Number of protein chains: 2
Amino acid sequence: MNDELFLQSSAFFGQLQAQIVAALEDLEGHTTFRCDEWRRDDPGTERGLPQIAGRGRTCVLEGGRVLERAGVAFTQIDGVFGHEQFAASMPGDGLHFRATGISVVLHPHNPHIPTVHCNFRRLQRGSVGWFGGGADLTPNYVNQADIVHFRRTWRQVCQAHRHLVDPAQLESACDHYFHLPHRGESRGVGGIFFDHHTDNPTEMLGFVQQAGLAFLPSWLPIAQRNQHQPWTPEQRQWQLLRRGRYVEFNLVCDRGTLFGLKTGGRIESILMSMPAAANWAYDHTPPAGSAEAEMLQVLRNGVDPRWLSELG
Amino acid sequence: MNDELFLQSSAFFGQLQAQIVAALEDLEGHTTFRCDEWRRDDPGTERGLPQIAGRGRTCVLEGGRVLERAGVAFTQIDGVFGHEQFAASMPGDGLHFRATGISVVLHPHNPHIPTVHCNFRRLQRGSVGWFGGGADLTPNYVNQADIVHFRRTWRQVCQAHRHLVDPAQLESACDHYFHLPHRGESRGVGGIFFDHHTDNPTEMLGFVQQAGLAFLPSWLPIAQRNQHQPWTPEQRQWQLLRRGRYVEFNLVCDRGTLFGLKTGGRIESILMSMPAAANWAYDHTPPAGSAEAEMLQVLRNGVDPRWLSELG
C-alpha cells in the first residue's frame, strides 16, 4: 500500500475540516460547532460485517443563525472485509481496505440559500488506491447567478487539472449520481462527481486538495448574498418538502450512506447528512408558473445549457 | 394459478379498504379522505424492471383532527419479472407474478396516540400462491394499557387460527422484521408478521380476513381514549424525532417499500407511508428517568415480558 499518499491525504482532510469549521463559525458569528472525536476498535465480524478500526472527528452545528443543521466529518478507517458482497463492489485485491475522507453537508434555515454537500476521499485495497469525491448544490428556488457561480467554481478547478480529469465527464457523472430514479428528479443543479481514480495518484492528490479548498468559495458567496432575503411560511413549507427528497436520496440512493449503515458505522456521523426537519405531502404539485414549479422543471429536465455554456 | 382465491382475496381487500376509510372518517368527524383510482398499463421493461400492469385505489387524509397523515391503499397488479434479482427473492416458479393487498399507515397529530400500520397481501408466482401481512404499533410513549390492548387483539386473532399459524412465531417475526439494525432499536412495540404462507390457502384466507377485520378494533380504542390528552412542544419534538426513525425504517429496511421503489411503482402510493413531518437531531439522548428515555429503553430491550404473559 502507498501509505505515504494515504497519510498525506488524511492529513489534508483533517486540516480542511478545521478550515471549513472555522469559516462557517465566522459566517454564524455566535453559534459554534460541537466536535466529537471518536475511536472505534474492531468490533469483531458479526453477521459478515467488515472488521473496522478507525477514528474520526464529527463536527455538527444545529440551530445557527444561517445554518439550521450542518455537519463536517473527518474519518480514517482500516478494515477487513468479512463478506464478499462488499468486497465485490470495490476495485483492488484482497480483503484489507483503508479509507480516509471528509464529508460536508450544510442545510441552511433560509429557503433562499441552497443546501450544499461535498465529499473527498482516498481509498486503498491491497495494492490499489484511488481517489473519489464530489460536490453538489441543492437549491429550493432557481437562481441563475447562484447556479452559474457554483458550477463555474467547480469547472475551473477541473479545467486547471484537465490533464487528470475531464470537466464534462465529472459534471455529467454528478448529474447521473445525484439522481432519484423513483422521482425522475435530480437532487440538485449539479457540480462534480468522480470515483475510482487510480492513475497519477500524486497529481490527483493535488487536484483533490484544490477541489477541497474550492468548497468554501463555491458556496459561501451564495450564502452571504442570500442570507438576508426574507421568506414566507409557504416558502419554508416548499423547502421542507424538498428536504424530504434529500432524505429519500440519502437513504435510498446514496452508496456512501448505505455502505456506512450496512457496515455498522457510527450512526450519528453517517446521518449527520439528514436535515433537521423534512416533510412529505401526498401528490404535491406546485401551481403552474410558480417559482416552485420552475424549480421542479429544472430538477426534472436539467439546468438550461445556455447558462453552462457561459462558464468558460 | 388459483385465480378464484386471488380474486376472493382482492375483493376482500377492496371491501376492507372501504370499511377502514369509513371508520376513520367517522373518527375525524369532518375531514375526509382523498381517494385516487389509478391504472397502470405495462410501461415496458426498461433497465430490467418488471413489466407490471395493475390498478389501485389510494386513499389519503392529511391535516385531520386526529390524523396528521393517513394512507389506506388497495392494489392489484400483474407482472412479469424482467430481472433475475427480483425473481430470486420470491417463492414459486417462472417469471409471471400477481399481487393484491391492502396497506394502512396512520400518523396521528397527538404524540400520545401511537402510529400504526397494517398490510395484508396475496401473491402468486407460477403455480405457487401465498399470503403475507402484519400489523405493528409505534408509540412515542410507553402506555401499558395501549400495548396490552394492541398485542392482545392480534394474539387472539392468531389463537383462533392456531391450527394455521403459531401466535408466538408471528409475534417474534414482527419483532424481527420491524427492527432498525443501524440504530439497535425496534420500530415499535410489536404485533404480528408473516410471509410466504403457502399451505391451506382457503383456511388462510379466513385467517387473513379475520386479521384484516381486527385492524380497527386493535387501534381505534387506543386513539379514542388518548385523543384528548394535551401535549407539550417538547412532546411534539420527541414525536418528530421518532418519526425520523420511521422514515429510516421505511426507506432503508422495509422490503415492500424498496421493492416498490425499485420496480417503478406509483411513487405517491408507495410513499404514503411517510409521516407529514420528521426531524433529526445529532446524538439526541433523552434525560435519564424521562418518559422519552423509558420509550427508548423499550425499543432497545423489548416490551416487559410480564405484560405479554397476561395476554391470555
# chains A, B, ... in the order shown; residues from 1 in each chain; ligands from 1

call {"tool": "interface_residues", "arguments": {"of": "chain B", "to": "chain A", "cutoff": "7 Å", "atoms": "only C-alpha atoms", "output": "PDB file with N, CA and C atoms, in the first residue's frame"}}
result
ATOM      1  N   HIS B 182     -29.270  -0.538  12.190  1.00  0.00           N
ATOM      2  CA  HIS B 182     -28.290   0.558  12.307  1.00  0.00           C
ATOM      3  C   HIS B 182     -28.518   1.396  13.551  1.00  0.00           C
ATOM      4  N   LEU B 251     -37.442   3.575   4.441  1.00  0.00           N
ATOM      5  CA  LEU B 251     -36.585   3.780   3.266  1.00  0.00           C
ATOM      6  C   LEU B 251     -35.354   2.874   3.252  1.00  0.00           C
ATOM      7  N   VAL B 252     -34.914   2.415   4.418  1.00  0.00           N
ATOM      8  CA  VAL B 252     -33.697   1.592   4.456  1.00  0.00           C
ATOM      9  C   VAL B 252     -34.015   0.104   4.628  1.00  0.00           C
ATOM     10  N   LEU B 261     -40.132   0.875  -4.880  1.00  0.00           N
ATOM     11  CA  LEU B 261     -39.273   1.909  -5.462  1.00  0.00           C
ATOM     12  C   LEU B 261     -38.453   1.352  -6.619  1.00  0.00           C
ATOM     13  N   GLY B 264     -40.379   0.551  -9.912  1.00  0.00           N
ATOM     14  CA  GLY B 264     -41.041   1.662 -10.592  1.00  0.00           C
ATOM     15  C   GLY B 264     -42.520   1.754 -10.286  1.00  0.00           C
ATOM     16  N   ILE B 267     -45.258   6.157  -7.144  1.00  0.00           N
ATOM     17  CA  ILE B 267     -44.474   6.699  -6.040  1.00  0.00           C
ATOM     18  C   ILE B 267     -45.337   7.287  -4.930  1.00  0.00           C
ATOM     19  N   GLU B 268     -46.417   7.980  -5.283  1.00  0.00           N
ATOM     20  CA  GLU B 268     -47.237   8.604  -4.251  1.00  0.00           C
ATOM     21  C   GLU B 268     -47.985   7.562  -3.409  1.00  0.00           C
ATOM     22  N   MET B 272     -46.931   7.001   0.641  1.00  0.00           N
ATOM     23  CA  MET B 272     -48.000   7.475   1.540  1.00  0.00           C
ATOM     24  C   MET B 272     -47.697   7.043   2.979  1.00  0.00           C
ATOM     25  N   MET B 274     -44.948   7.642   4.513  1.00  0.00           N
ATOM     26  CA  MET B 274     -44.106   8.656   5.163  1.00  0.00           C
ATOM     27  C   MET B 274     -44.959   9.526   6.079  1.00  0.00           C
ATOM     28  N   PRO B 275     -44.397   9.961   7.201  1.00  0.00           N
ATOM     29  CA  PRO B 275     -45.106  10.938   8.033  1.00  0.00           C
ATOM     30  C   PRO B 275     -45.156  12.295   7.319  1.00  0.00           C
ATOM     31  N   ALA B 276     -46.082  13.166   7.761  1.00  0.00           N
ATOM     32  CA  ALA B 276     -46.136  14.523   7.201  1.00  0.00           C
ATOM     33  C   ALA B 276     -44.847  15.272   7.528  1.00  0.00           C
ATOM     34  N   ALA B 277     -44.288  15.012   8.716  1.00  0.00           N
ATOM     35  CA  ALA B 277     -43.098  15.741   9.153  1.00  0.00           C
ATOM     36  C   ALA B 277     -42.221  14.819   9.987  1.00  0.00           C
ATOM     37  N   ALA B 278     -40.906  14.970   9.817  1.00  0.00           N
ATOM     38  CA  ALA B 278     -39.947  14.178  10.596  1.00  0.00           C
ATOM     39  C   ALA B 278     -38.726  15.035  10.890  1.00  0.00           C
ATOM     40  N   ASN B 279     -38.126  14.818  12.032  1.00  0.00           N
ATOM     41  CA  ASN B 279     -36.924  15.577  12.421  1.00  0.00           C
ATOM     42  C   ASN B 279     -35.737  14.654  12.689  1.00  0.00           C
ATOM     43  N   TRP B 280     -34.544  15.251  12.575  1.00  0.00           N
ATOM     44  CA  TRP B 280     -33.320  14.582  13.005  1.00  0.00           C
ATOM     45  C   TRP B 280     -32.528  15.547  13.886  1.00  0.00           C
ATOM     46  N   ALA B 281     -31.901  15.041  14.918  1.00  0.00           N
ATOM     47  CA  ALA B 281     -31.034  15.862  15.773  1.00  0.00           C
ATOM     48  C   ALA B 281     -29.802  15.028  16.105  1.00  0.00           C
ATOM     49  N   TYR B 282     -28.657  15.686  16.161  1.00  0.00           N
ATOM     50  CA  TYR B 282     -27.403  14.970  16.386  1.00  0.00           C
ATOM     51  C   TYR B 282     -27.340  14.408  17.799  1.00  0.00           C
ATOM     52  N   ASP B 283     -27.122  13.110  17.889  1.00  0.00           N
ATOM     53  CA  ASP B 283     -26.830  12.451  19.161  1.00  0.00           C
ATOM     54  C   ASP B 283     -27.852  12.784  20.239  1.00  0.00           C
TER      55      ASP B 283
END

call {"tool": "residues_around", "arguments": {"residues": "Arg57 in chain A", "least_positions_apart": "3", "cutoff": "10 Å", "atoms": "only C-alpha atoms", "output": "mmCIF file with N, CA and C atoms, in the first residue's frame"}}
result
data_model
loop_
_atom_site.group_PDB
_atom_site.id
_atom_site.type_symbol
_atom_site.label_atom_id
_atom_site.label_comp_id
_atom_site.auth_asym_id
_atom_site.auth_seq_id
_atom_site.Cartn_x
_atom_site.Cartn_y
_atom_site.Cartn_z
ATOM 1 N N GLY A 14 -8.038 16.357 7.345
ATOM 2 C CA GLY A 14 -8.166 16.866 8.716
ATOM 3 C C GLY A 14 -7.999 18.376 8.783
ATOM 4 N N GLN A 17 -11.034 20.118 7.220
ATOM 5 C CA GLN A 17 -12.163 20.148 8.146
ATOM 6 C C GLN A 17 -12.056 21.348 9.079
ATOM 7 N N CYS A 35 -17.793 19.371 18.322
ATOM 8 C CA CYS A 35 -16.904 18.414 17.651
ATOM 9 C C CYS A 35 -16.655 17.207 18.551
ATOM 10 N N ASP A 36 -16.998 16.028 18.022
ATOM 11 C CA ASP A 36 -16.788 14.776 18.763
ATOM 12 C C ASP A 36 -15.664 13.989 18.124
ATOM 13 N N GLU A 37 -14.626 13.722 18.907
ATOM 14 C CA GLU A 37 -13.583 12.791 18.456
ATOM 15 C C GLU A 37 -14.079 11.392 18.806
ATOM 16 N N TRP A 38 -14.008 10.481 17.863
ATOM 17 C CA TRP A 38 -14.391 9.109 18.188
ATOM 18 C C TRP A 38 -13.320 8.150 17.711
ATOM 19 N N ARG A 39 -13.330 7.017 18.324
ATOM 20 C CA ARG A 39 -12.346 5.992 18.029
ATOM 21 C C ARG A 39 -13.098 4.671 18.086
ATOM 22 N N VAL A 60 -20.712 19.072 14.272
ATOM 23 C CA VAL A 60 -22.106 19.365 13.916
ATOM 24 C C VAL A 60 -22.515 20.678 14.556
ATOM 25 N N VAL A 72 -19.702 18.493 9.411
ATOM 26 C CA VAL A 72 -18.392 18.442 8.747
ATOM 27 C C VAL A 72 -17.639 17.291 9.413
ATOM 28 N N ALA A 73 -17.457 16.196 8.677
ATOM 29 C CA ALA A 73 -16.927 14.978 9.295
ATOM 30 C C ALA A 73 -15.615 14.549 8.656
ATOM 31 N N PHE A 74 -14.653 14.215 9.485
ATOM 32 C CA PHE A 74 -13.395 13.620 9.040
ATOM 33 C C PHE A 74 -13.351 12.179 9.551
ATOM 34 N N THR A 75 -12.894 11.263 8.694
ATOM 35 C CA THR A 75 -12.852 9.847 9.058
ATOM 36 C C THR A 75 -11.582 9.202 8.530
ATOM 37 N N GLN A 76 -11.037 8.267 9.297
ATOM 38 C CA GLN A 76 -9.935 7.443 8.809
ATOM 39 C C GLN A 76 -10.118 6.033 9.359
ATOM 40 N N ILE A 102 -13.298 13.406 3.955
ATOM 41 C CA ILE A 102 -14.046 14.488 4.591
ATOM 42 C C ILE A 102 -15.402 14.565 3.908
ATOM 43 N N SER A 269 -22.594 9.927 12.894
ATOM 44 C CA SER A 269 -21.746 10.553 11.885
ATOM 45 C C SER A 269 -22.319 10.337 10.490
#

call {"tool": "atom_distance", "arguments": {"atom1": "CA of Arg151 in chain B", "atom2": "CA of Ile270 in chain B"}}
result
26.3 Å

call {"tool": "closest_residue", "arguments": {"among": "B:Val303, B:Phe178, B:His112, B:Val105", "to": "Thr232 in chain B", "atoms": "only C-alpha atoms"}}
result
B:His112

call {"tool": "atom_distance", "arguments": {"atom1": "CA of Arg125 in chain B", "atom2": "CA of Cys174 in chain B"}}
result
24.3 Å
